[in-house]
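Worksheet for the structure shown next.
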Amino acid sequence: MPYDYDPSSVEAKWRKRWEEARAYTVDLKSAKNPYYSLVMFPYPSGDKLHVGHWYNFAPADSWSRYMRMHGKQVFAPIGFDAFGLPAENYAVKTGVPPAKSTAENVKTMIKQLKRIGTMYDWEKMVNTSDPSYYQWTQWLFIQMFKNKLAYKKLGNVNFCPSCQTVLANEQVWEGKCERCGTEVQQKALSQWYWKITQYSQKLLDNLDGLEWPEKTKLMQKNWIGRSEGAEISFDIKGHDEKIKVFTTRQDTLFGATFIVLAPEHPLVDKITPANHQGIVRVYKEQARKKTELQRTSEKVKTGEHTGAYAINPVNGKEIPIWIADYVLLNYGTGAVMGVPGHDERDFDFAEPRQDKGLHIQCVIEPDAATPNFLAQVHPNFFGRIPDGKTIDEAQDSLKESYGKEVLEGKKCWKGEGKIINSDFLNGLTVHEAKKKMIAWLENEDRGRGIINYRLRDWLVSRQRYWGAPIPIVYDPEGNAHPVPEEHLPWMLPTDVEFKPTGKSPLTESKEFIARTEKIFGKGWRPEFDTMDTFVCSSFYYLRYLTPPPPGPLPPAGERGSVFVDPAIEKKWLPVSMYIGGPEHACMHLIYARFVMMALKDFGFVSHEEPFQKLVHQGLITNNGAKMSKSKGNVVSPDSFVERYGSDVFRMYLMFMGPFRDGGDWSDTGIKGIDRFVQKVWRMVGEREQLSTAADSKEVTVALHQTIKKVTESMEKMHFNTAISALMEFLNAVEGKSFSNETAQMFARLISPIAPHLAEELWEALGGPSSAKATEDKKDFVIDQSWPTYDPKLLVTDTMTIAVQVNGKLRGQIDVASDASEKDILAAAKAEPHVQKYLEGQVLKKEIYIKGRLVSLVI
RNA sequence: GCCGAAGUGGCGGAAUGGUAGACGCGCACGACUCAAAAUCGUGUACCGCAAGGUGUGAGGGUUCGACUCCCUCCUUCGGCACCA
């Protein structure tokens with residue numbers, strides 16, 4: 001008797017069997033054909049698992065399963081990025097300690113995650129807030145410290161007044177806190193940094209070898225921001241100090257008619273003569289009050305003359321030194337040479353101040369002989385030469401008009417050209433002049449060629465409670481010492497209030513101070529800051545490979561575990577497939593690369609790059625808006641899973657569109673997938689009466705076409721078309737009988753996408769030993785190989801050929817698949833409909849596209 | 001401002017330069033039912049009674065043939081943004 005497929009009992013049954021058989025546990029040591037399939041681990045928030053998680057994890061799981069069916073030993077671990085602000089903010093509000101709320105959230109999320117039916121190896125789970133994990137976060141800090149990659153420095157830092165903590169550059173988005181959207185302030189504080197800048201070039205170079213989305217690579221490239229140029233020293237009239245500027249346009253040094261310092265530049269006060277100190281002080285104060293956002297959004301440039309003068313080293317001319325807030329202290333040297341003739345910003349600054357001694361001096365002449373001259377002048381020029389002019393004429397007139405304006409100082413020329421008014425550089429191209437100027441500067445000891453990066457060192461300390469304590473202690477003189485490794489984990493104290501005060505919450509802990517004094521001596525103090533949570537997530541993929549021994553945490557000093565087993569690391573890294581959101585392009589994904597490189601240099605790992613292949617899932621929105629708790633538009637999957645089962649829900653998400661695109665949430669249409677699953681069960685699962693049937697030619701063709709389509713779709717992670725191909729197969733064989741083997745093939749094809757359903761089918765179809773799967777003998781459908789198709793079996797007996805006349809479809813013909821081109825063309829011309837159009841016309845050309853169409857031109 | 005991605009029915013979306021709209025949702029009609037739901041069947045880009053014509057953001061180009069390639073423009077979304 002037909003019965004409905006009941007997902008809730010079936011899915012629970014298979015999850016239980018998988019678990020009992022330890023179907024997804026990987027023996028990392030013995031695996032021969034490793035495939036590390038990683039998803040970005042979730043934060044255990046109180047929102048629980050939402051649709052966005054499913055949209056990330058379910059397709060990623062389908063990919064893991066697909067790889068497994070290709071004979072890979074797929075390791076798909078999961079864990080929790082459990083330190084962080086939300087738990088702490090929750091504690092502030094409710095008084096519930098973060099450790100407690102986090103533990104509860106983790107518990108709920110594990111339950112929810114298991115319901116997805118993912119092939120996670122739960123035995124390797126990590127939780128970054130667990131001492132067994134954060135001891136390694138601290139261990140990493142100590143390695144960084146010992147290798148001089150961690151240092152403490154007083155400097156201007158980004159401070160979020162709402163989160164009451166400092167932030168790294170990467171965590172400031174458009175001048176606002178990445179977490180809470182509050183505008184950040186600049187504060188002078190002494191903070192811990194990690195020297196990511198030491199790896200700027202390697203971070204850039206290695207990108208070429210990574211199979212990452214080009215967009216993501218580009219974002220990292222821009223973030224690292226390499227530029228080649230020169231550092232030039234300018235003498236200051238009447239002072240011994242020199243001003244160093246960074247420029248990428250050393251070729252225009254003869255055109256430098258002034259110097260601009262950032263208002264905060266340390267030399268400003270020293271060089272400003274008494275009669276200018278008043279206005280300089282006022283300007284500095286104004287600049288200080290502006291937020292980063294205001295400073296960068298102002299269009300009109302402001303500034304003041306310091307009253308001091310520098311000497312341009314190439315021509316000995318005295319040029320005024322100004323301060324202006326369009327010059328940033330933290331890029332280059334915080335000082336620029338003003339070349340208003342050829343730099344747009346300098347032009348904007350100098351043009352209205354020409355009467356105050358800022359002159360515009362041109363040193364490059366637009367040159368029509370320069371390659372791409374036209375494109376520089378007018379990017380849209382090609383293909384649209386005005387007034388029927390020749391290219392040469394157009395060039396000449398452009399050169400004429402642009403050259404005039406530039407030379408008269410009415411316009412700033414940014415393009416290539418010929419150097420003029422520049423003594424030994426005259427007549428050279430920009431490129432040649434750059435090289436020659438560097439040689440001159442180095443020869444005269446006035447500067448040197450350098451490479452500058454925009455990337456800043458990573459600020460890792462945070463004035464928050466719920467993070468890994470920085471394992472540093474200070475002696476009574478205030479010198480920093482690392483906590484010896486035998487004292488790790490350097491436990492996070494619990495006798496702390498959670499109210500934010502702007503001071504680190506750990507300062508309140510009596511136990512923390514007492515512990516420090518007991519171990520190190522009277523007057524010693526611990527570091528009260530904790531680490532950025534991005535430190536925790538920068539190496540978790542390594543810790544999955546070396547899970548802590550089961551049972552309670554061994555006492556400090558007897559951890560009995562290594563950071564990562566070298567042989568296992570060598571075999572399993574880099575991660576074969578990493579799936580996660582694009583928002584981490586310039587945060588987690590750059591930190592993790594840096595940490596891996598550093599660990600390689602320290603000798604703990606053998607690879608430089610952690611993630612060989614990266615794919616971003618698309619964003620799932622609700623009415624076009626990002627789902628977030630604050631907007632109250634988070635969609636919970638629970639009720640859908642309850643009603644339709646997780647196979648239906650995950651398939652529905654995957655059916656919405658291409659995985660990388662994401663989309664707007666809507667539950668209309670989930671029924672279609674439910675109908676499909678019921679139909680699968682009716683036609684494929686429940687079919688004993690058909691078990692002896694043989695496949696007709698039609699069914700065989702349909703099956704092999706389906707294998708081809710599904711395989712091609714899976715390869716591209718186009719799960720939506722994989723599902724539609726499976727639907728098409730059912731439509732094609734509906735009402736026809738087909739063999740058990742074919743039904744089993746179908747079960748295999750659907751198994752990465754609907755794992756529970758596939759196991760149930762496999763069992764119903766008598767898949768080998770399906771019901772008796774044990775740890776030794778894993779005969780789940782997921783242990784079967786991925787079906788392959790036979791190209792010879794894709795061919796039907798007849799084919800339909802479209803016939804076009806002058807590019808318009810005018811008819812169709814059915815011909816035998818092995819018909820000759822001649823016969824097909826004849827048949828096409830004989831088609832009555834087509835004939836109507838051919839009548840009385842001269843046939844100029846006939847084209848036959850094999851198996852597709854005939855095109856007749858008259 | 002710069003860089004990148006994308007614009008296809010009522011909706012989600014499909015199409016190695018080769019029959020645009022697969023697959024699904026929705027909708028309409030029909031079957032089953034006392035009725036409804038569920039289910040099944042048929043139809044469903046637009047205009048037109050039809051023949052036919054028009055259609056992939058807009059305009060142009062290459063081609064026997066363009067959603068696909070080239071140029072210009074518009075819109076949306078992402079990223080960067082005084083980086084010297």
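By convention here, the chains of the structure tokens are called A, B, ... in the order presented, each chain's residues are numbered starting at 1, and ligands are numbered starting at 1 in the order presented.
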Determine, using only C-alpha atoms (C1' of nucleotides), which residues of chain A have any atom at most 6 Å from an atom of chain B, and tabulate each with its shortest atom pair and distance in Å to one decimal place, rows ordered by chain and then rising number, as a Markdown table.
| residue | atom | partner | partner_atom | distance |
| --- | --- | --- | --- | --- |
| A:Thr247 | CA | B:A84 | C1' | 5.6 |
| A:Tyr326 | CA | B:C82 | C1' | 5.2 |
| A:Val336 | CA | B:A84 | C1' | 5.9 |
| A:Met656 | CA | B:G12 | C1' | 5.8 |
| A:Gly669 | CA | B:C25 | C1' | 4.6 |
| A:Ser724 | CA | B:C23 | C1' | 4.6 |
| A:Ala802 | CA | B:U19 | C1' | 5.6 |
| A:Gly807 | CA | B:G65 | C1' | 5.1 |
| A:Val857 | CA | B:C64 | C1' | 5.9 |
Residues just named, written with C-alpha atoms as a PDB file, in the first residue's frame:
ATOM      1  CA  THR A 247      55.729  59.833  -3.228  1.00  0.00           C
ATOM      2  CA  TYR A 326      43.936  65.960   3.600  1.00  0.00           C
ATOM      3  CA  VAL A 336      53.711  64.927   1.072  1.00  0.00           C
ATOM      4  CA  MET A 656      16.335  29.138  -4.978  1.00  0.00           C
ATOM      5  CA  GLY A 669       7.531  27.412  -3.420  1.00  0.00           C
ATOM      6  CA  SER A 724      15.900  20.566 -11.680  1.00  0.00           C
ATOM      7  CA  ALA A 802      15.223  23.588 -35.975  1.00  0.00           C
ATOM      8  CA  GLY A 807      17.808  33.842 -38.763  1.00  0.00           C
ATOM      9  CA  VAL A 857      19.934  32.447 -46.012  1.00  0.00           C
TER      10      VAL A 857
END
Next on the checklist: Neighbouring residues of A:Leu149 were defined as those with any atom within 7 Å, considering only C-alpha atoms (C1' of nucleotides); residues of the same chain fewer than 3 positions away were excluded. Please report them as a VMD selection string.
Outcome noted: chain A and resid 144 to 145 194 to 195
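The spacing separating atom CA of A:Glu344 from atom CA of A:Gln361 amounts to 13.1 Å.
Counting only C-alpha atoms and comparing A:Pro610, A:Pro489, A:Gly255, A:Gly663, the residue that lies closest to A:Leu542 is A:Pro610.
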Show me, as a compact mmCIF listing (two decimals) with N, CA and C atoms, in the first residue's frame, the residues that have an atom within 9 Å of A:Ile311 when counting only C-alpha atoms (C1' of nucleotides), minus same-chain residues fewer than 6 positions from it.
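This went into out_27.txt:
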# COMPACT_ATOMS: atom_id res chain seq x y z
N PHE A 234 63.64 66.39 2.55
CA PHE A 234 63.70 67.84 2.29
C PHE A 234 64.36 68.51 3.49
N ASP A 235 65.37 69.35 3.22
CA ASP A 235 65.93 70.16 4.30
C ASP A 235 64.93 71.22 4.71
N ILE A 236 64.99 71.58 6.02
CA ILE A 236 64.13 72.65 6.50
C ILE A 236 64.99 73.86 6.77
N LYS A 237 64.59 74.99 6.23
CA LYS A 237 65.38 76.21 6.37
C LYS A 237 65.50 76.57 7.85
N LYS A 317 65.25 75.44 -4.47
CA LYS A 317 64.24 76.48 -4.23
C LYS A 317 63.62 76.34 -2.85
N GLU A 318 63.31 77.49 -2.25
CA GLU A 318 62.61 77.49 -0.97
C GLU A 318 61.13 77.30 -1.23
N ILE A 319 60.55 76.34 -0.57
CA ILE A 319 59.11 76.11 -0.75
C ILE A 319 58.41 76.09 0.60
N PRO A 320 57.21 76.68 0.71
CA PRO A 320 56.53 76.79 2.00
C PRO A 320 56.06 75.43 2.53
Next on the checklist: Can you tell me which residues surround stretch 49-56 of chain B at a distance of at most 8 Å, considering only C-alpha atoms (C1' of nucleotides), apart from same-chain residues fewer than 3 positions away, and format the answer as a PyMOL selection string?
Outcome noted: chain B and resi 8+20+45-46+67
Select from stretch 83-112 of chain A everything DSSP, run on the backbone, classes as helix (DSSP H, G or I), then give the selection as a short mmCIF file (atom, residue, chain, number, x, y, z; two decimals) with all heavy atoms, in the first residue's frame.
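And here's states.cif as it stands now:
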data_model
loop_
_atom_site.label_atom_id
_atom_site.label_comp_id
_atom_site.auth_asym_id
_atom_site.auth_seq_id
_atom_site.Cartn_x
_atom_site.Cartn_y
_atom_site.Cartn_z
N LEU A 85 31.55 39.74 21.64
CA LEU A 85 30.74 40.75 22.32
C LEU A 85 29.29 40.38 22.66
O LEU A 85 28.83 40.72 23.75
CB LEU A 85 30.75 42.03 21.48
CG LEU A 85 31.93 42.94 21.81
CD1 LEU A 85 31.90 44.15 20.91
CD2 LEU A 85 31.84 43.38 23.26
N PRO A 86 28.55 39.73 21.78
CA PRO A 86 27.13 39.52 22.10
C PRO A 86 26.90 38.85 23.44
O PRO A 86 26.03 39.29 24.20
CB PRO A 86 26.63 38.67 20.94
CG PRO A 86 27.52 39.04 19.80
CD PRO A 86 28.86 39.30 20.41
N ALA A 87 27.71 37.82 23.73
CA ALA A 87 27.52 37.13 25.02
C ALA A 87 27.80 38.08 26.18
O ALA A 87 27.13 38.05 27.21
CB ALA A 87 28.44 35.91 25.10
N GLU A 88 28.77 38.96 25.97
CA GLU A 88 29.13 39.90 27.01
C GLU A 88 28.05 40.97 27.19
O GLU A 88 27.68 41.34 28.30
CB GLU A 88 30.47 40.55 26.64
CG GLU A 88 31.09 41.29 27.78
CD GLU A 88 32.52 41.68 27.46
OE1 GLU A 88 33.08 41.15 26.50
OE2 GLU A 88 33.05 42.52 28.19
N ASN A 89 27.54 41.46 26.07
CA ASN A 89 26.46 42.44 26.15
C ASN A 89 25.22 41.85 26.82
O ASN A 89 24.52 42.52 27.57
CB ASN A 89 26.10 42.94 24.75
CG ASN A 89 27.21 43.80 24.16
OD1 ASN A 89 28.05 44.32 24.89
ND2 ASN A 89 27.23 43.92 22.85
N TYR A 90 24.99 40.58 26.51
CA TYR A 90 23.88 39.87 27.14
C TYR A 90 24.09 39.81 28.64
O TYR A 90 23.16 40.00 29.43
CB TYR A 90 23.77 38.48 26.53
CG TYR A 90 22.62 37.66 27.03
CD1 TYR A 90 21.31 37.97 26.64
CD2 TYR A 90 22.82 36.57 27.89
CE1 TYR A 90 20.24 37.21 27.09
CE2 TYR A 90 21.75 35.82 28.34
CZ TYR A 90 20.47 36.14 27.94
OH TYR A 90 19.40 35.39 28.39
N ALA A 91 25.33 39.58 29.03
CA ALA A 91 25.66 39.51 30.46
C ALA A 91 25.43 40.86 31.12
O ALA A 91 24.92 40.94 32.24
CB ALA A 91 27.11 39.06 30.62
N VAL A 92 25.79 41.93 30.43
CA VAL A 92 25.59 43.27 30.97
C VAL A 92 24.10 43.50 31.24
O VAL A 92 23.70 44.05 32.26
CB VAL A 92 26.13 44.34 29.99
CG1 VAL A 92 25.71 45.73 30.42
CG2 VAL A 92 27.64 44.23 29.90
N LYS A 93 23.29 43.02 30.31
CA LYS A 93 21.86 43.25 30.40
C LYS A 93 21.20 42.37 31.48
O LYS A 93 20.33 42.83 32.22
CB LYS A 93 21.21 42.97 29.04
CG LYS A 93 20.25 44.05 28.64
CD LYS A 93 19.72 43.99 27.21
CE LYS A 93 19.52 42.66 26.58
NZ LYS A 93 19.24 42.75 25.15
N THR A 94 21.62 41.12 31.54
CA THR A 94 20.89 40.16 32.37
C THR A 94 21.67 39.66 33.57
O THR A 94 21.09 39.05 34.47
CB THR A 94 20.51 38.92 31.54
OG1 THR A 94 21.73 38.29 31.14
CG2 THR A 94 19.70 39.30 30.33
N PRO A 98 28.80 35.16 30.71
CA PRO A 98 28.96 34.75 29.31
C PRO A 98 29.24 33.26 29.15
O PRO A 98 28.76 32.63 28.20
CB PRO A 98 30.16 35.58 28.83
CG PRO A 98 30.18 36.77 29.72
CD PRO A 98 29.65 36.31 31.03
N ALA A 99 30.01 32.71 30.07
CA ALA A 99 30.34 31.29 29.95
C ALA A 99 29.07 30.45 29.98
O ALA A 99 28.94 29.46 29.26
CB ALA A 99 31.28 30.87 31.09
N LYS A 100 28.12 30.90 30.80
CA LYS A 100 26.90 30.12 30.95
C LYS A 100 26.01 30.26 29.72
O LYS A 100 25.54 29.27 29.15
CB LYS A 100 26.15 30.61 32.19
CG LYS A 100 25.05 29.69 32.58
CD LYS A 100 24.50 30.00 33.98
CE LYS A 100 23.28 29.14 34.23
NZ LYS A 100 22.09 29.93 34.55
N SER A 101 25.77 31.51 29.29
CA SER A 101 24.89 31.68 28.15
C SER A 101 25.51 31.07 26.90
O SER A 101 24.81 30.47 26.07
CB SER A 101 24.58 33.16 27.92
OG SER A 101 25.75 33.89 27.63
N THR A 102 26.83 31.18 26.77
CA THR A 102 27.49 30.60 25.61
C THR A 102 27.32 29.08 25.59
O THR A 102 26.99 28.49 24.57
CB THR A 102 28.99 30.96 25.59
OG1 THR A 102 29.10 32.37 25.56
CG2 THR A 102 29.69 30.38 24.39
N ALA A 103 27.53 28.48 26.76
CA ALA A 103 27.41 27.01 26.83
C ALA A 103 26.00 26.57 26.44
O ALA A 103 25.82 25.58 25.73
CB ALA A 103 27.75 26.53 28.24
N GLU A 104 25.00 27.34 26.88
CA GLU A 104 23.63 26.99 26.54
C GLU A 104 23.38 27.13 25.04
O GLU A 104 22.76 26.26 24.41
CB GLU A 104 22.65 27.89 27.31
CG GLU A 104 22.41 27.39 28.72
CD GLU A 104 21.77 28.45 29.61
OE1 GLU A 104 21.29 29.48 29.07
OE2 GLU A 104 21.76 28.25 30.83
N ASN A 105 23.86 28.25 24.50
CA ASN A 105 23.67 28.45 23.06
C ASN A 105 24.36 27.37 22.24
O ASN A 105 23.83 26.92 21.23
CB ASN A 105 24.21 29.82 22.65
CG ASN A 105 23.36 30.96 23.21
OD1 ASN A 105 22.23 30.74 23.62
ND2 ASN A 105 23.92 32.15 23.24
N VAL A 106 25.54 26.99 22.68
CA VAL A 106 26.27 25.94 21.96
C VAL A 106 25.46 24.65 21.96
O VAL A 106 25.32 23.99 20.93
CB VAL A 106 27.67 25.72 22.58
CG1 VAL A 106 28.28 24.41 22.12
CG2 VAL A 106 28.60 26.88 22.25
N LYS A 107 24.90 24.35 23.11
CA LYS A 107 24.13 23.12 23.23
C LYS A 107 22.94 23.11 22.27
O LYS A 107 22.71 22.14 21.55
CB LYS A 107 23.62 22.98 24.68
CG LYS A 107 23.82 21.60 25.24
CD LYS A 107 23.51 21.57 26.72
CE LYS A 107 22.33 20.66 27.02
NZ LYS A 107 21.87 20.83 28.41
N THR A 108 22.23 24.23 22.25
CA THR A 108 21.08 24.32 21.35
C THR A 108 21.53 24.24 19.90
O THR A 108 20.90 23.55 19.08
CB THR A 108 20.37 25.68 21.52
OG1 THR A 108 20.31 25.97 22.90
CG2 THR A 108 19.00 25.65 20.92
N MET A 109 22.60 24.94 19.61
CA MET A 109 23.03 24.98 18.22
C MET A 109 23.52 23.62 17.73
O MET A 109 23.34 23.28 16.56
CB MET A 109 24.08 26.06 18.00
CG MET A 109 23.43 27.42 17.83
SD MET A 109 24.61 28.72 17.53
CE MET A 109 24.83 28.63 15.77
N ILE A 110 24.16 22.87 18.61
CA ILE A 110 24.59 21.52 18.20
C ILE A 110 23.38 20.71 17.79
O ILE A 110 23.37 20.05 16.75
CB ILE A 110 25.36 20.83 19.35
CG1 ILE A 110 26.72 21.49 19.56
CG2 ILE A 110 25.52 19.34 19.07
CD1 ILE A 110 27.51 20.95 20.72
N LYS A 111 22.34 20.80 18.61
CA LYS A 111 21.12 20.05 18.31
C LYS A 111 20.56 20.47 16.94
O LYS A 111 20.19 19.65 16.12
CB LYS A 111 20.09 20.31 19.41
CG LYS A 111 19.28 19.08 19.76
CD LYS A 111 18.16 19.38 20.72
CE LYS A 111 18.62 19.63 22.15
NZ LYS A 111 17.55 20.21 22.99
N GLN A 112 20.54 21.79 16.74
CA GLN A 112 19.99 22.29 15.48
C GLN A 112 20.86 21.94 14.28
O GLN A 112 20.36 21.59 13.22
CB GLN A 112 19.84 23.81 15.55
CG GLN A 112 18.75 24.26 16.50
CD GLN A 112 18.70 25.77 16.56
OE1 GLN A 112 19.71 26.42 16.78
NE2 GLN A 112 17.53 26.33 16.34
#
Next on the checklist: as a VMD selection string, please: the residues near A:Pro755 (cut-off 7 Å, only C-alpha atoms (C1' of nucleotides), same-chain neighbours under 4 positions excluded).
Outcome noted: chain A and resid 647 751 759
Each residue of stretch 479-540 of chain A lying at most 12 Å from stretch 76-80 of chain A should get a row with its shortest atom-to-atom pair and the distance in Å to one decimal, counting only C-alpha atoms; could you produce that, ordered by chain and increasing number, as a tab-separated table?
residue	atom	partner	partner_atom	distance
A:Thr533	CA	A:Phe80	CA	11.6
A:Cys536	CA	A:Phe80	CA	10.2
A:Ser537	CA	A:Phe80	CA	9.4
A:Tyr540	CA	A:Gly79	CA	8.6
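Non-sequential neighbours of A:Arg288 (distance at most 10 Å, separation of 6 or more positions within a chain, only C-alpha atoms (C1' of nucleotides)) are A:Gln186, A:Pro263, A:Glu264, A:Val282, A:Arg295, A:Asp325.
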Next on the checklist: Report, in Å with one decimal, the straight-line distance from atom CA of A:Lys72 to atom CA of A:Val10.
Outcome noted: 26.7 Å
Next on the checklist: Excluding A:Tyr199 and its own-chain neighbours fewer than 3 positions away, which residues fall within 10 Å of it when counting only C-alpha atoms (C1' of nucleotides)? Please give them as a list in words.
Outcome noted: Lys195, Ile196, Lys202, Leu203, Leu204, Asp205, Ile224, Leu455, Arg593, Phe594, Val595, Met597 and Ala598 of chain A
Report the residues of stretch 738-835 of chain A whose backbone DSSP state falls under strand (DSSP E), written as a short mmCIF file (atom, residue, chain, number, x, y, z; two decimals) with all heavy atoms, in the first residue's frame.
data_model
loop_
_atom_site.label_atom_id
_atom_site.label_comp_id
_atom_site.auth_asym_id
_atom_site.auth_seq_id
_atom_site.Cartn_x
_atom_site.Cartn_y
_atom_site.Cartn_z
N THR A 798 16.02 9.48 -32.81
CA THR A 798 15.75 10.59 -33.73
C THR A 798 16.04 11.89 -33.02
O THR A 798 16.11 11.94 -31.79
CB THR A 798 14.28 10.61 -34.17
OG1 THR A 798 13.48 10.86 -33.01
CG2 THR A 798 13.86 9.32 -34.83
N MET A 799 16.24 12.91 -33.82
CA MET A 799 16.46 14.21 -33.19
C MET A 799 15.66 15.27 -33.93
O MET A 799 15.29 15.12 -35.09
CB MET A 799 17.95 14.55 -33.18
CG MET A 799 18.62 14.51 -34.54
SD MET A 799 20.39 14.70 -34.37
CE MET A 799 20.90 14.72 -36.08
N THR A 800 15.38 16.31 -33.20
CA THR A 800 14.61 17.40 -33.78
C THR A 800 15.56 18.52 -34.16
O THR A 800 16.36 18.96 -33.34
CB THR A 800 13.60 17.91 -32.75
OG1 THR A 800 12.82 16.80 -32.31
CG2 THR A 800 12.68 18.95 -33.37
N ILE A 801 15.47 18.92 -35.42
CA ILE A 801 16.35 19.98 -35.91
C ILE A 801 15.49 21.21 -36.20
O ILE A 801 14.46 21.12 -36.86
CB ILE A 801 17.06 19.54 -37.21
CG1 ILE A 801 17.85 18.25 -36.99
CG2 ILE A 801 17.95 20.65 -37.76
CD1 ILE A 801 19.09 18.41 -36.17
N ALA A 802 15.93 22.35 -35.69
CA ALA A 802 15.22 23.59 -35.97
C ALA A 802 15.69 24.12 -37.32
O ALA A 802 16.85 23.95 -37.70
CB ALA A 802 15.51 24.60 -34.88
N VAL A 803 14.76 24.73 -38.05
CA VAL A 803 15.12 25.30 -39.35
C VAL A 803 14.88 26.80 -39.31
O VAL A 803 13.78 27.26 -39.01
CB VAL A 803 14.30 24.66 -40.49
CG1 VAL A 803 14.79 25.19 -41.83
CG2 VAL A 803 14.40 23.15 -40.44
N GLN A 804 15.94 27.55 -39.58
CA GLN A 804 15.81 29.00 -39.61
C GLN A 804 15.92 29.48 -41.05
O GLN A 804 16.69 28.95 -41.83
CB GLN A 804 16.95 29.65 -38.82
CG GLN A 804 16.88 29.43 -37.34
CD GLN A 804 17.98 30.17 -36.61
OE1 GLN A 804 18.96 30.60 -37.22
NE2 GLN A 804 17.83 30.31 -35.31
N VAL A 805 15.14 30.50 -41.37
CA VAL A 805 15.31 31.19 -42.64
C VAL A 805 15.64 32.65 -42.30
O VAL A 805 14.89 33.30 -41.58
CB VAL A 805 14.03 31.10 -43.51
CG1 VAL A 805 14.25 31.85 -44.83
CG2 VAL A 805 13.66 29.66 -43.75
N LYS A 808 15.42 33.50 -38.66
CA LYS A 808 14.16 33.36 -37.92
C LYS A 808 13.69 31.91 -37.98
O LYS A 808 13.76 31.28 -39.03
CB LYS A 808 13.10 34.27 -38.55
CG LYS A 808 13.27 35.72 -38.17
CD LYS A 808 11.91 36.40 -38.20
CE LYS A 808 11.99 37.92 -38.08
NZ LYS A 808 13.01 38.46 -37.22
N LEU A 809 13.20 31.44 -36.86
CA LEU A 809 12.73 30.06 -36.78
C LEU A 809 11.49 29.89 -37.64
O LEU A 809 10.50 30.60 -37.47
CB LEU A 809 12.41 29.72 -35.33
CG LEU A 809 11.95 28.28 -35.10
CD1 LEU A 809 13.10 27.32 -35.32
CD2 LEU A 809 11.37 28.10 -33.72
N ARG A 810 11.55 28.97 -38.61
CA ARG A 810 10.41 28.79 -39.50
C ARG A 810 9.88 27.36 -39.50
O ARG A 810 8.87 27.09 -40.14
CB ARG A 810 10.80 29.15 -40.94
CG ARG A 810 11.13 30.61 -41.14
CD ARG A 810 10.01 31.52 -40.73
NE ARG A 810 10.37 32.91 -40.98
CZ ARG A 810 9.65 33.94 -40.56
NH1 ARG A 810 8.55 33.77 -39.85
NH2 ARG A 810 10.04 35.16 -40.82
N GLY A 811 10.54 26.46 -38.84
CA GLY A 811 10.01 25.11 -38.84
C GLY A 811 10.93 24.15 -38.12
O GLY A 811 12.03 24.52 -37.67
N GLN A 812 10.46 22.92 -37.95
CA GLN A 812 11.26 21.89 -37.27
C GLN A 812 11.15 20.61 -38.08
O GLN A 812 10.10 20.34 -38.66
CB GLN A 812 10.70 21.64 -35.89
CG GLN A 812 10.93 22.78 -34.94
CD GLN A 812 10.54 22.44 -33.52
OE1 GLN A 812 9.90 21.42 -33.29
NE2 GLN A 812 10.93 23.28 -32.59
N ILE A 813 12.20 19.84 -38.07
CA ILE A 813 12.12 18.53 -38.74
C ILE A 813 12.63 17.46 -37.78
O ILE A 813 13.53 17.71 -36.98
CB ILE A 813 12.95 18.50 -40.04
CG1 ILE A 813 14.36 19.07 -39.80
CG2 ILE A 813 12.25 19.28 -41.15
CD1 ILE A 813 15.30 18.87 -40.96
N ASP A 814 12.04 16.29 -37.88
CA ASP A 814 12.53 15.14 -37.12
C ASP A 814 13.33 14.27 -38.06
O ASP A 814 12.82 13.88 -39.11
CB ASP A 814 11.35 14.34 -36.55
CG ASP A 814 10.79 15.04 -35.33
OD1 ASP A 814 11.58 15.63 -34.57
OD2 ASP A 814 9.56 15.01 -35.15
N VAL A 815 14.55 13.99 -37.69
CA VAL A 815 15.38 13.14 -38.55
C VAL A 815 16.04 12.07 -37.70
O VAL A 815 16.15 12.19 -36.49
CB VAL A 815 16.49 13.96 -39.26
CG1 VAL A 815 15.88 14.96 -40.23
CG2 VAL A 815 17.38 14.65 -38.25
N ALA A 816 16.47 11.01 -38.39
CA ALA A 816 17.21 9.97 -37.69
C ALA A 816 18.53 10.54 -37.21
O ALA A 816 19.12 11.40 -37.87
CB ALA A 816 17.46 8.80 -38.63
#
Checklist outcome for this item: In terms of only C-alpha atoms, the residue from A:Ile670, A:Leu358, A:Ala754, A:Val615 at minimal distance from A:Lys215 is A:Val615
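Across the model, the gap from atom CA of A:Glu228 to atom CA of A:Gly175 is 26.8 Å.
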